[in-house]
file protein30.cif (mmCIF, C-alpha atoms)
data_coords
#
loop_
_atom_site.label_atom_id
_atom_site.label_comp_id
_atom_site.auth_asym_id
_atom_site.auth_seq_id
_atom_site.Cartn_x
_atom_site.Cartn_y
_atom_site.Cartn_z
CA MET A 1 12.40 -3.41 21.43
CA HIS A 2 10.86 -5.28 24.35
CA GLU A 3 12.77 -8.13 25.91
CA HIS A 4 10.08 -10.58 24.80
CA THR A 5 10.49 -9.57 21.16
CA ALA A 6 12.85 -12.48 20.53
CA THR A 7 10.49 -15.41 20.42
CA ARG A 8 10.28 -19.15 20.22
CA HIS A 9 6.79 -19.44 18.81
CA ALA A 10 6.21 -22.27 16.33
CA THR A 11 9.40 -24.00 17.45
CA PRO A 12 9.26 -27.81 17.22
CA PRO A 13 9.13 -29.17 20.79
CA ASP A 14 12.31 -31.19 20.34
CA GLU A 15 14.31 -28.15 19.26
CA SER A 16 15.51 -25.94 22.09
CA PRO A 17 16.86 -22.48 21.32
CA ARG A 18 20.55 -22.38 20.41
CA ARG A 19 20.94 -19.14 22.33
CA THR A 20 18.79 -16.45 23.88
CA PRO A 21 18.45 -13.66 21.31
CA SER A 22 19.40 -10.29 22.71
CA ALA A 23 16.79 -7.53 22.56
CA SER A 24 19.49 -5.04 23.55
CA ARG A 25 21.53 -6.04 20.51
CA LEU A 26 18.53 -5.40 18.29
CA ARG A 27 18.10 -1.97 19.84
CA GLU A 28 21.79 -1.22 19.31
CA ALA A 29 21.34 -2.05 15.62
CA GLY A 30 18.78 0.74 15.40
CA LEU A 31 15.57 -1.28 15.34
CA PRO A 32 12.54 0.62 16.63
CA VAL A 33 10.74 -0.52 19.75
CA THR A 34 8.08 -2.97 18.63
CA ASP A 35 7.00 -6.46 19.64
CA LEU A 36 7.51 -9.06 16.89
CA GLY A 37 6.28 -11.99 18.98
CA PRO A 38 2.59 -11.84 17.96
CA VAL A 39 3.55 -11.53 14.29
CA LEU A 40 5.84 -14.56 14.30
CA ALA A 41 3.25 -16.55 16.23
CA GLU A 42 0.90 -16.20 13.25
CA GLU A 43 3.12 -18.37 11.04
CA THR A 44 1.18 -21.47 9.95
CA ASP A 45 4.21 -23.78 9.75
CA PRO A 46 7.07 -24.21 12.23
CA LEU A 47 9.62 -21.43 11.89
CA LEU A 48 13.24 -22.54 12.13
CA PHE A 49 14.65 -19.06 12.39
CA ALA A 50 13.98 -15.42 11.67
CA THR A 51 16.70 -12.77 11.57
CA VAL A 52 16.97 -9.12 10.64
CA SER A 53 18.53 -8.36 7.26
CA GLY A 54 18.80 -5.22 5.15
CA ALA A 55 20.16 -1.88 6.30
CA HIS A 56 19.98 -2.79 10.00
CA LEU A 57 22.23 -5.79 9.41
CA TYR A 58 24.51 -3.79 7.12
CA GLY A 59 25.03 -1.09 9.73
CA PHE A 60 23.45 1.92 8.04
CA PRO A 61 19.73 2.09 8.92
CA SER A 62 17.87 5.36 8.63
CA ARG A 63 15.39 6.71 11.10
CA ASP A 64 12.63 5.69 8.72
CA SER A 65 14.06 2.36 7.55
CA ASP A 66 11.67 -0.57 7.39
CA ILE A 67 12.48 -3.89 9.07
CA ASP A 68 13.46 -6.76 6.81
CA LEU A 69 12.97 -10.15 8.45
CA ARG A 70 14.24 -13.29 6.72
CA GLY A 71 14.17 -16.96 7.67
CA ALA A 72 13.15 -20.53 7.00
CA HIS A 73 10.08 -22.61 7.81
CA VAL A 74 9.24 -26.31 7.52
CA LEU A 75 6.41 -27.50 5.29
CA PRO A 76 4.66 -30.78 6.17
CA VAL A 77 5.69 -33.89 4.25
CA GLU A 78 2.22 -34.02 2.68
CA ALA A 79 2.80 -30.68 0.99
CA LEU A 80 5.84 -32.05 -0.83
CA ILE A 81 4.55 -35.45 -1.95
CA GLY A 82 1.09 -34.51 -3.19
CA LEU A 83 -0.04 -33.53 -6.68
CA ASP A 84 0.27 -29.77 -6.25
CA GLU A 85 3.50 -27.84 -6.20
CA PRO A 86 3.95 -26.31 -2.73
CA ASP A 87 4.45 -22.63 -2.15
CA GLU A 88 8.02 -22.78 -0.85
CA THR A 89 8.45 -19.03 -0.33
CA ARG A 90 6.16 -16.87 1.73
CA THR A 91 6.08 -13.10 2.01
CA ARG A 92 4.17 -11.05 4.54
CA MET A 93 4.14 -7.27 4.84
CA TRP A 94 2.53 -5.21 7.57
CA ASP A 95 2.72 -2.03 9.59
CA ARG A 96 3.12 -2.28 13.34
CA ASP A 97 3.45 0.66 15.69
CA GLY A 98 4.03 2.84 12.63
CA VAL A 99 6.93 0.69 11.42
CA GLU A 100 6.86 -1.01 8.02
CA MET A 101 7.97 -4.64 8.16
CA ASP A 102 8.22 -7.62 5.87
CA LEU A 103 8.93 -11.26 6.56
CA VAL A 104 10.19 -13.57 3.80
CA THR A 105 10.79 -17.23 4.59
CA HIS A 106 11.69 -20.24 2.46
CA ASP A 107 10.86 -23.84 3.15
CA LEU A 108 13.90 -25.63 4.57
CA ARG A 109 14.56 -27.58 1.36
CA LYS A 110 14.57 -24.45 -0.79
CA PHE A 111 16.70 -22.58 1.73
CA ALA A 112 19.21 -25.43 1.75
CA ARG A 113 19.35 -25.44 -2.05
CA LEU A 114 20.05 -21.71 -2.02
CA MET A 115 22.86 -22.33 0.45
CA LEU A 116 24.45 -24.67 -2.09
CA ARG A 117 24.54 -21.95 -4.73
CA ARG A 118 26.85 -18.95 -4.81
CA ASN A 119 24.23 -17.00 -2.88
CA GLY A 120 25.83 -14.86 -0.22
CA TYR A 121 22.51 -13.25 0.57
CA VAL A 122 20.97 -16.33 2.19
CA LEU A 123 24.16 -17.01 4.14
CA GLU A 124 24.03 -13.46 5.49
CA GLN A 125 20.46 -14.09 6.63
CA LEU A 126 21.42 -17.39 8.23
CA LEU A 127 24.43 -15.93 10.05
CA SER A 128 22.89 -12.58 10.96
CA PRO A 129 23.60 -11.75 14.62
CA LEU A 130 20.26 -9.93 14.78
CA VAL A 131 18.15 -12.93 15.76
CA VAL A 132 14.46 -12.68 16.63
CA HIS A 133 13.64 -16.40 16.54
CA THR A 134 15.94 -19.40 16.65
CA THR A 135 16.06 -23.19 17.10
CA ASP A 136 18.69 -25.93 17.21
CA ALA A 137 18.14 -26.52 13.49
CA HIS A 138 19.15 -22.91 12.91
CA ALA A 139 22.39 -23.53 14.76
CA GLU A 140 23.03 -26.68 12.71
CA LEU A 141 22.47 -24.84 9.45
CA ALA A 142 24.82 -22.07 10.54
CA SER A 143 27.52 -24.57 11.51
CA LEU A 144 27.50 -25.95 7.96
CA ALA A 145 27.90 -22.56 6.26
CA PRO A 146 31.73 -22.43 6.32
CA GLY A 147 31.92 -25.70 4.37
CA LEU A 148 29.70 -24.28 1.63
CA LEU A 149 31.70 -21.14 0.86
CA THR A 150 33.35 -21.09 -2.56
CA ALA A 151 35.42 -18.79 -4.75
CA HIS A 152 32.33 -18.26 -6.87
CA HIS A 153 30.63 -16.29 -4.11
CA ALA A 154 32.77 -13.41 -5.40
CA HIS A 155 30.55 -13.35 -8.48
CA HIS A 156 27.47 -12.95 -6.29
CA TYR A 157 28.91 -9.88 -4.57
CA ALA A 158 30.27 -8.39 -7.78
CA GLY A 159 26.88 -8.83 -9.44
CA PHE A 160 24.94 -7.40 -6.52
CA ALA A 161 27.30 -4.40 -6.38
CA ALA A 162 26.80 -3.80 -10.11
CA THR A 163 23.01 -3.85 -9.73
CA GLN A 164 23.12 -1.37 -6.85
CA ALA A 165 25.57 0.87 -8.71
CA ARG A 166 23.15 1.11 -11.64
CA LEU A 167 20.35 1.98 -9.20
CA PHE A 168 22.54 4.71 -7.71
CA GLU A 169 23.18 6.13 -11.18
CA ARG A 170 19.43 6.42 -11.73
CA THR A 171 18.47 7.83 -8.33
CA GLY A 172 21.57 9.49 -6.89
CA GLU A 173 20.54 8.18 -3.46
CA LEU A 174 22.96 7.21 -0.74
CA LYS A 175 21.18 3.93 -0.02
CA PRO A 176 22.15 2.05 -3.22
CA LEU A 177 25.61 3.64 -3.09
CA LEU A 178 26.22 2.25 0.39
CA TYR A 179 24.79 -1.11 -0.72
CA THR A 180 27.35 -1.07 -3.56
CA PHE A 181 30.28 -0.44 -1.24
CA ARG A 182 29.00 -2.94 1.30
CA ALA A 183 28.71 -5.74 -1.28
CA LEU A 184 32.22 -5.16 -2.65
CA LEU A 185 33.79 -5.03 0.81
CA THR A 186 31.91 -8.13 1.98
CA GLY A 187 33.13 -10.00 -1.10
CA ILE A 188 36.73 -8.94 -0.61
CA HIS A 189 36.62 -9.87 3.07
CA LEU A 190 35.17 -13.28 2.22
CA MET A 191 37.67 -14.06 -0.52
CA ARG A 192 40.54 -13.17 1.79
CA GLY A 193 39.39 -15.81 4.25
CA GLY A 194 37.44 -13.64 6.65
CA GLY A 195 34.11 -15.42 6.28
CA ILE A 196 30.75 -13.70 5.84
CA GLU A 197 30.73 -10.18 7.28
CA ALA A 198 27.81 -7.97 6.21
CA HIS A 199 28.22 -5.08 8.67
CA LEU A 200 29.74 -2.12 6.81
CA PRO A 201 31.17 -0.27 9.87
CA THR A 202 32.96 -3.48 10.88
CA LEU A 203 34.26 -4.00 7.35
CA LEU A 204 35.74 -0.49 7.35
CA GLY A 205 38.10 -1.60 10.08
CA GLU A 206 39.19 -4.71 8.19
CA VAL A 207 39.32 -3.82 4.48
CA ALA A 208 40.87 -0.69 2.98
CA ALA A 209 38.04 1.61 1.89
CA PRO A 210 37.43 5.30 1.11
CA ALA A 211 37.69 7.55 4.14
CA TYR A 212 34.37 9.27 3.36
CA LEU A 213 32.22 6.18 3.96
CA PRO A 214 31.54 6.92 7.67
CA ASP A 215 30.22 10.33 6.61
CA LEU A 216 27.93 8.70 4.06
CA ILE A 217 26.62 6.32 6.73
CA ALA A 218 25.89 9.27 9.02
CA ALA A 219 24.13 11.16 6.22
CA LYS A 220 22.01 8.15 5.27
CA ALA A 221 20.90 7.78 8.90
CA GLU A 222 18.98 11.02 8.55
CA ALA A 223 16.91 9.97 5.53
CA GLU A 224 16.26 6.61 3.89
CA HIS A 225 16.26 8.15 0.40
CA GLY A 226 18.66 11.00 1.01
CA THR A 227 21.06 12.29 -1.63
CA ASP A 228 23.23 14.70 0.38
CA GLY A 229 26.93 14.07 0.78
CA VAL A 230 27.60 12.08 -2.40
CA PRO A 231 31.30 12.46 -3.33
CA ASP A 232 32.52 13.84 -6.61
CA ARG A 233 31.49 11.37 -9.32
CA ASP A 234 34.96 11.01 -10.83
CA ARG A 235 36.45 10.20 -7.44
CA LEU A 236 33.58 7.90 -6.65
CA GLU A 237 33.98 5.87 -9.84
CA LYS A 238 37.73 5.62 -9.28
CA ASP A 239 37.18 4.30 -5.75
CA LEU A 240 34.55 1.80 -6.86
CA GLU A 241 36.72 0.54 -9.70
CA ALA A 242 39.60 0.04 -7.26
CA LEU A 243 37.36 -2.11 -5.06
CA ARG A 244 36.07 -4.10 -8.05
CA THR A 245 39.69 -4.83 -8.96
CA ALA A 246 40.48 -5.75 -5.36
CA LEU A 247 37.57 -8.17 -5.32
CA GLU A 248 38.71 -9.84 -8.54
CA ASP A 249 42.28 -10.07 -7.27
CA ALA A 250 41.05 -11.55 -3.99
CA ARG A 251 38.98 -14.11 -5.89
CA ALA A 252 41.96 -15.07 -8.03
CA GLY A 253 44.10 -15.63 -4.96
CA THR A 254 41.51 -17.11 -2.59
CA SER A 255 41.97 -20.41 -0.83
CA LEU A 256 38.24 -21.09 -1.04
CA PRO A 257 37.31 -24.13 -3.17
CA GLU A 258 35.47 -24.09 -6.48
CA LEU A 259 32.63 -26.24 -5.13
CA PRO A 260 30.95 -26.68 -1.73
CA GLY A 261 32.57 -29.31 0.46
CA ALA A 262 31.15 -32.79 0.02
CA ALA A 263 30.94 -33.39 3.78
CA ALA A 264 28.98 -30.18 4.36
CA ARG A 265 26.68 -30.95 1.43
CA ASP A 266 25.96 -34.45 2.76
CA ALA A 267 25.34 -33.10 6.24
CA LEU A 268 22.97 -30.49 4.83
CA ARG A 269 21.01 -33.14 2.95
CA ALA A 270 20.73 -35.27 6.09
CA LEU A 271 19.62 -32.29 8.16
CA VAL A 272 16.83 -31.40 5.71
CA VAL A 273 15.46 -34.96 5.81
CA ARG A 274 15.75 -35.36 9.58
CA VAL A 275 14.17 -32.02 10.47
CA ARG A 276 11.34 -32.62 8.00
CA LEU A 277 10.51 -36.03 9.44
CA GLU A 278 10.94 -35.05 13.09
CA THR A 279 8.98 -31.81 13.01
CA PRO A 280 5.55 -32.45 14.55
CA ARG A 281 2.48 -31.10 12.81
#
call {"tool": "encode", "arguments": {"input": "protein30.cif", "output": "structure tokens"}}
result
Amino acid sequence: MHEHTATRHATPPDESPRRTPSASRLREAGLPVTDLGPVLAEETDPLLFATVSGAHLYGFPSRDSDIDLRGAHVLPVEALIGLDEPDETRTRMWDRDGVEMDLVTHDLRKFARLMLRRNGYVLEQLLSPLVVHTTDAHAELASLAPGLLTAHHAHHYAGFAATQARLFERTGELKPLLYTFRALLTGIHLMRGGGIEAHLPTLLGEVAAPAYLPDLIAAKAEAEHGTDGVPDRDRLEKDLEALRTALEDARAGTSLPELPGAAARDALRALVVRVRLETPR
């Protein structure tokens, strides 16, 4: 990926970048060489951040994996106070240099509301180290994330793992199987006080997991929808059930609160109002 891939297009003038995104880090994560700058510059409203999610973030991309970009934008005040309901979520899909990509962004208010729910997915997007566009508001949002973590985020990861496990049962593919393991390990790590960690290879060094997972990651790298290398189903179900139990035990013993912290919630509310009013149109 070219060094100018990480962009600052559509950044409000009063918001300087919180850090210079690293193109080399994006390459190390397995992203193909392509320039995202022109694509992000086409956004009609100021973009607060855009990060890479999906298999590249989780540490098991395939050679033919698409690129999942996620982020937040800022709608003008007029869009929120008029008669019509605004379109708070935008999705764009395209093919660039032979690579399939999609960009999904939420308006800042909606993104903040999602942060207040037991939604680990949006927090992973917010805290993703694979940054292609960033602003000071992005850094502020990220700084509030620890105060919004709750014990109930365990339910998010248990539910996501269950959905992916059912998909694996239907398809037999490695992709949903690895998503299942990743969700359970992320949840356990979070409940034990480790914060949000979405990168499966990193999790393998911090949470006890089946020894065959590195082999599954290597096999999935060869084909996005591959099925080779799946362990014996009885062993697999035993291992998954052990992790489900570990997640529930970790939730029962976690020091995380039942509700988001009041201070973080108030700060988030203030940030949404301030950024909305200060963002030039």
call {"tool": "resolve_selection", "arguments": {"input": "protein30.cif", "expression": "the PyMOL selection byres ((chain A and resi 250-253) around 9)", "output": "list of chain:residue names"}}
result
A:Ala151, A:His152, A:His153, A:Ala154, A:His155, A:Gly187, A:Ile188, A:His189, A:Leu190, A:Met191, A:Arg192, A:Thr245, A:Ala246, A:Leu247, A:Glu248, A:Asp249, A:Thr254, A:Ser255, A:Leu256
call {"tool": "write_last_selection", "arguments": {"input": "protein30.cif", "atoms": "C-alpha atoms", "output": "mmCIF file, in the coordinates of the input"}}
result
data_model
loop_
_atom_site.group_PDB
_atom_site.id
_atom_site.type_symbol
_atom_site.label_atom_id
_atom_site.label_comp_id
_atom_site.auth_asym_id
_atom_site.auth_seq_id
_atom_site.Cartn_x
_atom_site.Cartn_y
_atom_site.Cartn_z
ATOM 1 C CA ALA A 151 35.420 -18.790 -4.750
ATOM 2 C CA HIS A 152 32.330 -18.260 -6.870
ATOM 3 C CA HIS A 153 30.630 -16.290 -4.110
ATOM 4 C CA ALA A 154 32.770 -13.410 -5.400
ATOM 5 C CA HIS A 155 30.550 -13.350 -8.480
ATOM 6 C CA GLY A 187 33.130 -10.000 -1.100
ATOM 7 C CA ILE A 188 36.730 -8.940 -0.610
ATOM 8 C CA HIS A 189 36.620 -9.870 3.070
ATOM 9 C CA LEU A 190 35.170 -13.280 2.220
ATOM 10 C CA MET A 191 37.670 -14.060 -0.520
ATOM 11 C CA ARG A 192 40.540 -13.170 1.790
ATOM 12 C CA THR A 245 39.690 -4.830 -8.960
ATOM 13 C CA ALA A 246 40.480 -5.750 -5.360
ATOM 14 C CA LEU A 247 37.570 -8.170 -5.320
ATOM 15 C CA GLU A 248 38.710 -9.840 -8.540
ATOM 16 C CA ASP A 249 42.280 -10.070 -7.270
ATOM 17 C CA THR A 254 41.510 -17.110 -2.590
ATOM 18 C CA SER A 255 41.970 -20.410 -0.830
ATOM 19 C CA LEU A 256 38.240 -21.090 -1.040
#
call {"tool": "resolve_selection", "arguments": {"input": "protein30.cif", "expression": "the PyMOL selection byres ((chain A and resi 58-65) around 8)", "output": "number ranges by chain"}}
result
A: 29-30, 53-57, 66-67, 100, 182, 198-201, 217-218, 220-224
call {"tool": "atom_distance", "arguments": {"input": "protein30.cif", "atom1": "CA of Leu243 (chain A)", "atom2": "CA of Val52 (chain A)"}}
result
26.7 Å
call {"tool": "atom_distance", "arguments": {"input": "protein30.cif", "atom1": "CA of Ala139 (chain A)", "atom2": "CA of Ala264 (chain A)"}}
result
14.0 Å
call {"tool": "closest_residue", "arguments": {"input": "protein30.cif", "among": "A:Leu141, A:Ala219, A:Val77, A:Ala161", "to": "Ala112 (chain A)", "atoms": "only C-alpha atoms"}}
result
A:Leu141
call {"tool": "closest_residue", "arguments": {"input": "protein30.cif", "among": "A:Leu103, A:Val230, A:Ile196, A:Ala23", "to": "Glu43 (chain A)", "atoms": "only C-alpha atoms"}}
result
A:Leu103
call {"tool": "residues_around", "arguments": {"input": "protein30.cif", "residues": "Arg70 (chain A)", "least_positions_apart": "6", "cutoff": "9 Å", "atoms": "only C-alpha atoms", "output": "list in words"}}
result
Phe49, Ala50, Thr51, Val52, Ser53, Asp102, Leu103, Val104, Thr105, His106, Val122, Gln125 and Leu126 of chain A
call {"tool": "atom_distance", "arguments": {"input": "protein30.cif", "atom1": "CA of Glu206 (chain A)", "atom2": "CA of Pro32 (chain A)"}}
result
28.5 Å
call {"tool": "residues_near_point", "arguments": {"input": "protein30.cif", "point": "(5.8, -26.1, 9.0)", "cutoff": "9 Å", "atoms": "all atoms listed in the file", "output": "PyMOL selection string"}}
result
chain A and resi 10+43-48+73-76+107+276+279-281
call {"tool": "closest_residue", "arguments": {"input": "protein30.cif", "among": "A:Leu185, A:Ala72, A:Ala137, A:Leu31", "to": "Leu271 (chain A)", "atoms": "only C-alpha atoms"}}
result
A:Ala137
call {"tool": "residues_around", "arguments": {"input": "protein30.cif", "residues": "Leu148 (chain A)", "least_positions_apart": "2", "cutoff": "10 Å", "atoms": "all atoms listed in the file", "output": "PDB file with C-alpha atoms, in the coordinates of the input"}}
result
ATOM      1  CA  MET A 115      22.860 -22.330   0.450  1.00  0.00           C
ATOM      2  CA  LEU A 116      24.450 -24.670  -2.090  1.00  0.00           C
ATOM      3  CA  ARG A 117      24.540 -21.950  -4.730  1.00  0.00           C
ATOM      4  CA  ARG A 118      26.850 -18.950  -4.810  1.00  0.00           C
ATOM      5  CA  LEU A 123      24.160 -17.010   4.140  1.00  0.00           C
ATOM      6  CA  LEU A 144      27.500 -25.950   7.960  1.00  0.00           C
ATOM      7  CA  ALA A 145      27.900 -22.560   6.260  1.00  0.00           C
ATOM      8  CA  PRO A 146      31.730 -22.430   6.320  1.00  0.00           C
ATOM      9  CA  THR A 150      33.350 -21.090  -2.560  1.00  0.00           C
ATOM     10  CA  HIS A 153      30.630 -16.290  -4.110  1.00  0.00           C
ATOM     11  CA  LEU A 256      38.240 -21.090  -1.040  1.00  0.00           C
ATOM     12  CA  PRO A 257      37.310 -24.130  -3.170  1.00  0.00           C
ATOM     13  CA  GLU A 258      35.470 -24.090  -6.480  1.00  0.00           C
ATOM     14  CA  LEU A 259      32.630 -26.240  -5.130  1.00  0.00           C
ATOM     15  CA  PRO A 260      30.950 -26.680  -1.730  1.00  0.00           C
ATOM     16  CA  GLY A 261      32.570 -29.310   0.460  1.00  0.00           C
ATOM     17  CA  ALA A 262      31.150 -32.790   0.020  1.00  0.00           C
ATOM     18  CA  ALA A 263      30.940 -33.390   3.780  1.00  0.00           C
ATOM     19  CA  ALA A 264      28.980 -30.180   4.360  1.00  0.00           C
ATOM     20  CA  ARG A 265      26.680 -30.950   1.430  1.00  0.00           C
ATOM     21  CA  LEU A 268      22.970 -30.490   4.830  1.00  0.00           C
TER      22      LEU A 268
END
call {"tool": "axis_aligned_box", "arguments": {"input": "protein30.cif", "around": "region 260-274 of chain A", "padding_each_side": "5 Å", "output": "lines of an AutoDock Vina configuration file"}}
result
center_x = 24.0
center_y = -31.0
center_z = 3.9
size_x = 27.1
size_y = 18.7
size_z = 21.3
call {"tool": "closest_residue", "arguments": {"input": "protein30.cif", "among": "A:Leu149, A:Glu140, A:Tyr157, A:Ser24", "to": "Gly193 (chain A)", "atoms": "only C-alpha atoms"}}
result
A:Leu149
call {"tool": "closest_residue", "arguments": {"input": "protein30.cif", "among": "A:His156, A:Arg244, A:Lys175, A:Arg109", "to": "Asp228 (chain A)", "atoms": "only C-alpha atoms"}}
result
A:Lys175
call {"tool": "closest_residue", "arguments": {"input": "protein30.cif", "among": "A:Gly120, A:Gly37, A:Gly82, A:Gly226", "to": "Pro176 (chain A)", "atoms": "all atoms listed in the file"}}
result
A:Gly226
call {"tool": "build_atoms", "arguments": {"input": "protein30.cif", "residues": "region 33-56 of chain A", "atoms": "N, CA and C atoms", "output": "PDB file, in the coordinates of the input"}}
result
ATOM      1  N   VAL A  33      11.352   0.270  18.690  1.00  0.00           N
ATOM      2  CA  VAL A  33      10.740  -0.520  19.750  1.00  0.00           C
ATOM      3  C   VAL A  33       9.394  -1.047  19.249  1.00  0.00           C
ATOM      4  N   THR A  34       9.327  -2.321  19.035  1.00  0.00           N
ATOM      5  CA  THR A  34       8.080  -2.970  18.630  1.00  0.00           C
ATOM      6  C   THR A  34       8.164  -4.437  18.993  1.00  0.00           C
ATOM      7  N   ASP A  35       7.036  -5.060  19.210  1.00  0.00           N
ATOM      8  CA  ASP A  35       7.000  -6.460  19.640  1.00  0.00           C
ATOM      9  C   ASP A  35       6.709  -7.348  18.438  1.00  0.00           C
ATOM     10  N   LEU A  36       7.668  -8.182  18.047  1.00  0.00           N
ATOM     11  CA  LEU A  36       7.510  -9.060  16.890  1.00  0.00           C
ATOM     12  C   LEU A  36       6.891 -10.401  17.267  1.00  0.00           C
ATOM     13  N   GLY A  37       6.790 -10.692  18.549  1.00  0.00           N
ATOM     14  CA  GLY A  37       6.280 -11.990  18.980  1.00  0.00           C
ATOM     15  C   GLY A  37       4.929 -12.354  18.392  1.00  0.00           C
ATOM     16  N   PRO A  38       3.913 -11.497  18.506  1.00  0.00           N
ATOM     17  CA  PRO A  38       2.590 -11.840  17.960  1.00  0.00           C
ATOM     18  C   PRO A  38       2.617 -12.076  16.455  1.00  0.00           C
ATOM     19  N   VAL A  39       3.465 -11.367  15.741  1.00  0.00           N
ATOM     20  CA  VAL A  39       3.550 -11.530  14.290  1.00  0.00           C
ATOM     21  C   VAL A  39       4.125 -12.899  13.935  1.00  0.00           C
ATOM     22  N   LEU A  40       5.224 -13.272  14.585  1.00  0.00           N
ATOM     23  CA  LEU A  40       5.840 -14.560  14.300  1.00  0.00           C
ATOM     24  C   LEU A  40       4.945 -15.717  14.724  1.00  0.00           C
ATOM     25  N   ALA A  41       4.147 -15.500  15.753  1.00  0.00           N
ATOM     26  CA  ALA A  41       3.250 -16.550  16.230  1.00  0.00           C
ATOM     27  C   ALA A  41       2.153 -16.866  15.222  1.00  0.00           C
ATOM     28  N   GLU A  42       1.936 -15.980  14.265  1.00  0.00           N
ATOM     29  CA  GLU A  42       0.900 -16.200  13.250  1.00  0.00           C
ATOM     30  C   GLU A  42       1.351 -17.114  12.121  1.00  0.00           C
ATOM     31  N   GLU A  43       2.627 -17.483  12.086  1.00  0.00           N
ATOM     32  CA  GLU A  43       3.120 -18.370  11.040  1.00  0.00           C
ATOM     33  C   GLU A  43       2.399 -19.716  11.114  1.00  0.00           C
ATOM     34  N   THR A  44       1.971 -20.236   9.965  1.00  0.00           N
ATOM     35  CA  THR A  44       1.180 -21.470   9.950  1.00  0.00           C
ATOM     36  C   THR A  44       2.024 -22.730  10.019  1.00  0.00           C
ATOM     37  N   ASP A  45       3.308 -22.631   9.671  1.00  0.00           N
ATOM     38  CA  ASP A  45       4.210 -23.780   9.750  1.00  0.00           C
ATOM     39  C   ASP A  45       5.379 -23.442  10.671  1.00  0.00           C
ATOM     40  N   PRO A  46       5.972 -24.462  11.298  1.00  0.00           N
ATOM     41  CA  PRO A  46       7.070 -24.210  12.230  1.00  0.00           C
ATOM     42  C   PRO A  46       8.174 -23.360  11.607  1.00  0.00           C
ATOM     43  N   LEU A  47       8.591 -22.360  12.343  1.00  0.00           N
ATOM     44  CA  LEU A  47       9.620 -21.430  11.890  1.00  0.00           C
ATOM     45  C   LEU A  47      10.959 -21.860  12.495  1.00  0.00           C
ATOM     46  N   LEU A  48      11.938 -22.119  11.641  1.00  0.00           N
ATOM     47  CA  LEU A  48      13.240 -22.540  12.130  1.00  0.00           C
ATOM     48  C   LEU A  48      14.077 -21.370  12.607  1.00  0.00           C
ATOM     49  N   PHE A  49      13.974 -20.262  11.918  1.00  0.00           N
ATOM     50  CA  PHE A  49      14.650 -19.060  12.390  1.00  0.00           C
ATOM     51  C   PHE A  49      14.090 -17.844  11.674  1.00  0.00           C
ATOM     52  N   ALA A  50      14.286 -16.704  12.293  1.00  0.00           N
ATOM     53  CA  ALA A  50      13.980 -15.420  11.670  1.00  0.00           C
ATOM     54  C   ALA A  50      15.033 -14.433  12.162  1.00  0.00           C
ATOM     55  N   THR A  51      15.670 -13.753  11.225  1.00  0.00           N
ATOM     56  CA  THR A  51      16.700 -12.770  11.570  1.00  0.00           C
ATOM     57  C   THR A  51      16.409 -11.462  10.845  1.00  0.00           C
ATOM     58  N   VAL A  52      17.097 -10.428  11.275  1.00  0.00           N
ATOM     59  CA  VAL A  52      16.970  -9.120  10.640  1.00  0.00           C
ATOM     60  C   VAL A  52      18.033  -9.006   9.554  1.00  0.00           C
ATOM     61  N   SER A  53      17.616  -8.580   8.373  1.00  0.00           N
ATOM     62  CA  SER A  53      18.530  -8.360   7.260  1.00  0.00           C
ATOM     63  C   SER A  53      18.465  -6.896   6.850  1.00  0.00           C
ATOM     64  N   GLY A  54      18.914  -6.578   5.658  1.00  0.00           N
ATOM     65  CA  GLY A  54      18.800  -5.220   5.150  1.00  0.00           C
ATOM     66  C   GLY A  54      19.709  -4.228   5.843  1.00  0.00           C
ATOM     67  N   ALA A  55      19.308  -2.968   5.814  1.00  0.00           N
ATOM     68  CA  ALA A  55      20.160  -1.880   6.300  1.00  0.00           C
ATOM     69  C   ALA A  55      20.532  -2.022   7.772  1.00  0.00           C
ATOM     70  N   HIS A  56      19.637  -2.602   8.590  1.00  0.00           N
ATOM     71  CA  HIS A  56      19.980  -2.790  10.000  1.00  0.00           C
ATOM     72  C   HIS A  56      21.128  -3.774  10.159  1.00  0.00           C
TER      73      HIS A  56
END
